[in-house]
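Undergrad: Would you mind keeping the following structure in view while I ask a few things?
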Amino acid sequence: MIGRLGEQIVDRPIDLSDPFPPSADYPTIRSNPTRRALFLIAAGWLSLASLWVWRCTWDDSYILFRYARNFANGLGIVFNPGQRVEGYTSLLWVCVLGLSSRIGWHPPLAAKVWGILLNLVALVACYILCQLLATDRAPMHGLALLLTAGNAYFIVTSTAGLETPLFTALLCWGVVACLKGEHGVDGKSQQRWQVGASVLFALLVMTRPDGALTYFLLWLYTAWRFRSRPICLALFTLPFVLIYTPYFLWRWHFYGLLLPNTFYAKGGGTLALLWKGAAQTAKFLTLQTGGGLAAAAVGLAVILFPTAETTVLGLAIISRIIFELWSGGVTPGEYRFLVPALPLIWILMERVLVGSVWAGGMRPRVRYLVSGICTVLMTAQIVAFVYFRRHNVEPVQNGMERAHVGLGKWLASHSAPNAQVAVGDIGAIGFWSGREILDIDGLVDSHISHLPGIFGEKQDSQYILEQNPEFIILRASVCKPDLTHVSFLPDRELFSNPRFQTDYGQVGCWEFWPGYDLVVYKHG
């Protein structure tokens with residue numbers, strides 16, 4: 001494949017009236033030994049580093065695992081058998097895991113194997129994007145490949161179990177298809193790539209609905225770019241509509257709501273959430289080694305180099321940031337909405353940092369300076385990954401196995417198969433217990449999700465207690481028999497209800513880490 005990617009393509013005249021023309025030095029895609037070597041190094045490091053965090057699995061991933069397991073067992077794409085609530089936003093990922101489960105793969109294992117492979121697939125797309133942005137004055141040697149593969153958050157997504165690797169791969173390949181459409185040597189070639197891009201973005205939106213924002217921004221760009229050739233816009237639109245419409249009608253019929261239940265549970269778009277989203281975005285950039293430099297370079301690339309390439313990549317990145325702002329950064333620590341933009345950010349950074357220095361035949365010592373900066377960034381990325389693994393990933397994973405997984409397995413062996421459990425952290429506890437879950441936070445409960453307020457503040461203790469769950473699990477900062485305070489607002493509402501104090505008694509406690517415990521209460 002890589003050898004074929006090195007083939008020459010024919011120059012074509014540029015329309016100077018176009019505000020977003022292809023690069024002034026039209027990319028001559030040819031073999032680049034340095035880029036190829038860096039790709040192999042990046043792929044090797046990504047594989048090894050992913051295995052190094054193999055045990056990492058986020059609690060939210062187990063929600064998808066349970067949906068996938070029920071789907072594989074013929075119970076439908078549901079969390080609790082018989083209850084049609086869309087408590088997930090990644091149908092395509094659930095189907096991948098469900099089909100893998102049908103052939104004997106345990107969902108957590110399938111998620112990790114597919115996660116590593118899909119991140120490698122995304123890295124291949126980044127390799128091609130480096131080729132598409134390469135010019136004689138901006139050789140794009142592939143430093144972005146190393147910086148992407150060395151990023152701690154990108155690595156962890158390989159094994160964490162969420163749909164992020166699939167979303168990242170589809171996003172990167174969708175951008176590749178858009179730019180290949182720009183670079184087509186003739187009309188037929190452009191049209192084929194437009195169709196391919198449309199299909200990829202349909203799959204992207206089926207992987208997670210927020211992909212629709214990326215598609216919409218690129219659709220507007222395509223409408224402007226090919227305004228004199230409406231066939232290109234039609235081919236970028238029709239496949240998407242033909243694929244996505246049946247899926248949308250099916251999920252509307254099956255779940256009965258226009259939007260996933262998680263949309264109503266988490267909400268978005270309020271001023272308070274916008275501020276939280278801005279804070280999370282800023283924190284994400286500061287946590288990245290060279291994040292400030294990368295952000296500045298991306299801004300410069302889009303503003304100072306308004307080519308088709310930088311515009312398409314810039315719009316894809318902006319779409320991720322806009323959704324993070326709108327949602328309020330509801331996944332702190334995971335950054336699942338921002339991580340897919342990382343490869344594109346590093347590519348644009350290399351385009352500015354390396355391309356601008358190489359332009360005009362800069363002196364060798366300046367080139368050495370830039371190479372040194374990139375070497376320092378890469379080294380710092382690896383150091384940051386090692387630190388992140390030791391101080392973030394391992395403590396969370398140990399706490400998960402000790403508390404959530406341990407409690408789920410305890411419930412499986414200490415309760416009847418038809419027992420109902422009320423809990424906020426529904427992932428691992430729900431997956432490993434196999435019991436019916438009453439979701440205090442509302443992700444898989446349509447009543448709680450439609451209450452007023454933002455995620456984590458919606459509460460209705462009377463609704464929970466009227467269903468008489470056998471177990472109620474509360475999140476507290478300390479575990480003791482005379483517990484007087486719990487951590488989360490919905491849990492506090494339950495804890496302060498007189499009926500709870502009368503009907504339930506504490507039977508155990510599982511420590512996640514100091515200051516965060518799961519306290520178990522049993523009816524009667």
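Chains: A, B, ... in order of the structure tokens. Residues: from 1 per chain. Ligands: from 1, in order shown.
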Pick out the residues sitting within 10 Å of range 404-409 of chain A, and hand them over as a ChimeraX atom specification; count only C-alpha atoms, and ignore anything fewer than 3 positions along from it in its own chain.
TA: /A:59,62,397-401,412-414,425-435,473,508-512,517-520
Undergrad: Keeping only N, CA and C atoms, write those residues as a CSV table (one decimal), in the first residue's frame.
TA:
```
chain,number,residue,atom,x,y,z
A,59,ASP,N,-14.9,3.0,33.0
A,59,ASP,CA,-16.2,2.5,33.5
A,59,ASP,C,-17.3,2.6,32.4
A,62,TYR,N,-17.9,-0.2,29.9
A,62,TYR,CA,-18.7,-1.4,30.3
A,62,TYR,C,-20.2,-1.3,30.0
A,397,GLN,N,-7.3,2.2,37.3
A,397,GLN,CA,-7.5,0.8,36.9
A,397,GLN,C,-7.6,-0.1,38.2
A,398,ASN,N,-6.6,0.2,39.1
A,398,ASN,CA,-6.6,-0.6,40.4
A,398,ASN,C,-7.9,-0.3,41.1
A,399,GLY,N,-8.3,0.9,41.2
A,399,GLY,CA,-9.6,1.3,41.8
A,399,GLY,C,-10.8,0.6,41.2
A,400,MET,N,-10.8,0.6,39.8
A,400,MET,CA,-11.9,0.0,39.1
A,400,MET,C,-12.0,-1.5,39.4
A,401,GLU,N,-10.8,-2.2,39.4
A,401,GLU,CA,-10.8,-3.7,39.6
A,401,GLU,C,-11.2,-4.0,41.1
A,412,ALA,N,-23.1,-10.5,41.7
A,412,ALA,CA,-23.4,-11.7,40.9
A,412,ALA,C,-23.5,-13.0,41.8
A,413,SER,N,-22.7,-13.0,42.8
A,413,SER,CA,-22.7,-14.2,43.7
A,413,SER,C,-23.5,-14.1,45.0
A,414,HIS,N,-24.0,-12.9,45.3
A,414,HIS,CA,-24.7,-12.6,46.5
A,414,HIS,C,-26.1,-12.1,46.3
A,425,ASP,N,-22.8,4.7,39.1
A,425,ASP,CA,-21.8,4.2,38.2
A,425,ASP,C,-22.2,2.8,37.7
A,426,ILE,N,-22.9,2.8,36.6
A,426,ILE,CA,-23.6,1.6,36.1
A,426,ILE,C,-22.7,0.7,35.3
A,427,GLY,N,-21.5,1.1,34.8
A,427,GLY,CA,-20.8,0.4,33.8
A,427,GLY,C,-20.3,-1.0,34.3
A,428,ALA,N,-19.2,-1.0,35.0
A,428,ALA,CA,-18.6,-2.3,35.4
A,428,ALA,C,-19.5,-3.1,36.3
A,429,ILE,N,-20.2,-2.3,37.2
A,429,ILE,CA,-21.1,-3.0,38.2
A,429,ILE,C,-22.2,-3.7,37.4
A,430,GLY,N,-22.8,-3.0,36.4
A,430,GLY,CA,-23.9,-3.6,35.6
A,430,GLY,C,-23.4,-4.7,34.8
A,431,PHE,N,-22.2,-4.6,34.2
A,431,PHE,CA,-21.7,-5.7,33.3
A,431,PHE,C,-21.4,-6.9,34.1
A,432,TRP,N,-20.6,-6.8,35.2
A,432,TRP,CA,-20.2,-8.0,35.9
A,432,TRP,C,-21.2,-8.6,36.8
A,433,SER,N,-22.2,-7.8,37.3
A,433,SER,CA,-23.3,-8.4,38.1
A,433,SER,C,-24.3,-9.1,37.3
A,434,GLY,N,-24.6,-8.5,36.1
A,434,GLY,CA,-25.6,-9.1,35.2
A,434,GLY,C,-27.0,-8.9,35.8
A,435,ARG,N,-27.2,-8.0,36.8
A,435,ARG,CA,-28.5,-7.7,37.4
A,435,ARG,C,-29.2,-6.6,36.7
A,473,ILE,N,-26.6,1.5,45.8
A,473,ILE,CA,-25.1,1.8,46.0
A,473,ILE,C,-24.9,3.3,45.9
A,508,GLY,N,-21.9,-3.3,53.2
A,508,GLY,CA,-20.6,-3.4,52.8
A,508,GLY,C,-20.1,-2.1,52.1
A,509,CYS,N,-18.8,-2.1,51.9
A,509,CYS,CA,-18.2,-0.9,51.3
A,509,CYS,C,-17.0,-1.3,50.4
A,510,TRP,N,-16.8,-0.7,49.3
A,510,TRP,CA,-15.7,-1.0,48.4
A,510,TRP,C,-15.0,0.3,48.1
A,511,GLU,N,-13.7,0.3,48.4
A,511,GLU,CA,-12.9,1.6,48.2
A,511,GLU,C,-12.3,1.6,46.8
A,512,PHE,N,-12.7,2.7,46.1
A,512,PHE,CA,-12.1,3.0,44.8
A,512,PHE,C,-10.7,3.5,45.0
A,517,ASP,N,-15.6,6.0,47.9
A,517,ASP,CA,-16.0,4.7,48.2
A,517,ASP,C,-17.3,4.4,47.6
A,518,LEU,N,-17.6,3.1,47.4
A,518,LEU,CA,-18.9,2.7,47.0
A,518,LEU,C,-19.6,2.0,48.2
A,519,VAL,N,-20.6,2.5,48.8
A,519,VAL,CA,-21.2,2.0,50.0
A,519,VAL,C,-22.5,1.3,49.5
A,520,VAL,N,-22.7,0.0,50.0
A,520,VAL,CA,-23.8,-0.8,49.5
A,520,VAL,C,-24.8,-0.9,50.6
```
Undergrad: Please provide the set of residues having any atom within 6 Å of range 447-463 of chain A, restricted to only C-alpha atoms, with same-chain residues fewer than 6 positions apart removed, written as a list of chain:residue names.
TA: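 Here the qualifying residues turn out to be A:Tyr264, A:Ala265, A:Lys266, A:Leu489, A:Pro490, A:Leu494.
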Undergrad: Just write the chosen residues, N, CA and C atoms, as a compact mmCIF listing (two decimals), in the first residue's frame.
TA:
```
# COMPACT_ATOMS: atom_id res chain seq x y z
N TYR A 264 -30.56 13.64 26.46
CA TYR A 264 -31.46 14.24 27.43
C TYR A 264 -30.85 14.19 28.83
N ALA A 265 -30.07 13.15 29.11
CA ALA A 265 -29.45 13.03 30.43
C ALA A 265 -28.36 14.08 30.63
N LYS A 266 -27.55 14.31 29.60
CA LYS A 266 -26.39 15.19 29.74
C LYS A 266 -26.67 16.61 29.28
N LEU A 489 -24.85 14.55 44.16
CA LEU A 489 -26.15 15.13 44.50
C LEU A 489 -27.30 14.12 44.44
N PRO A 490 -27.44 13.30 43.37
CA PRO A 490 -28.53 12.32 43.36
C PRO A 490 -28.41 11.33 44.52
N LEU A 494 -31.12 10.64 47.78
CA LEU A 494 -31.56 9.32 48.24
C LEU A 494 -31.23 9.10 49.71
```
Undergrad: Suppose you want the space between CA of Tyr516 in chain A and CA of Ser477 in chain A; what is it in Å?
TA: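 Pair CA of Tyr516 in chain A / CA of Ser477 in chain A returns 4.6 Å.
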Undergrad: Using only C-alpha atoms, which residues sit within 10 Å of Val396 in chain A once same-chain residues fewer than 6 positions away are excluded, as an mmCIF file with N, CA and C atoms, in the first residue's frame?
TA:
```cif
data_model
loop_
_atom_site.group_PDB
_atom_site.id
_atom_site.type_symbol
_atom_site.label_atom_id
_atom_site.label_comp_id
_atom_site.auth_asym_id
_atom_site.auth_seq_id
_atom_site.Cartn_x
_atom_site.Cartn_y
_atom_site.Cartn_z
ATOM 1 N N CYS A 56 -6.104 -0.989 31.249
ATOM 2 C CA CYS A 56 -6.942 0.204 31.377
ATOM 3 C C CYS A 56 -8.291 0.001 30.691
ATOM 4 N N THR A 57 -9.369 0.177 31.439
ATOM 5 C CA THR A 57 -10.722 0.126 30.886
ATOM 6 C C THR A 57 -11.577 1.138 31.639
ATOM 7 N N TRP A 58 -12.143 2.116 30.924
ATOM 8 C CA TRP A 58 -12.995 3.102 31.586
ATOM 9 C C TRP A 58 -14.336 2.480 31.970
ATOM 10 N N ASP A 59 -14.932 3.012 33.033
ATOM 11 C CA ASP A 59 -16.211 2.468 33.501
ATOM 12 C C ASP A 59 -17.300 2.610 32.438
ATOM 13 N N ARG A 389 0.684 7.112 32.879
ATOM 14 C CA ARG A 389 0.373 5.709 33.156
ATOM 15 C C ARG A 389 0.510 5.399 34.645
ATOM 16 N N ARG A 390 1.563 5.905 35.246
ATOM 17 C CA ARG A 390 1.839 5.577 36.650
ATOM 18 C C ARG A 390 0.908 6.297 37.610
ATOM 19 N N ARG A 402 -10.765 -3.083 41.985
ATOM 20 C CA ARG A 402 -11.045 -3.309 43.403
ATOM 21 C C ARG A 402 -12.499 -2.994 43.751
ATOM 22 N N PHE A 512 -12.697 2.731 46.091
ATOM 23 C CA PHE A 512 -12.111 2.991 44.789
ATOM 24 C C PHE A 512 -10.701 3.539 44.971
ATOM 25 N N TRP A 513 -10.590 4.605 45.719
ATOM 26 C CA TRP A 513 -9.321 5.137 46.220
ATOM 27 C C TRP A 513 -9.658 6.009 47.414
#
```
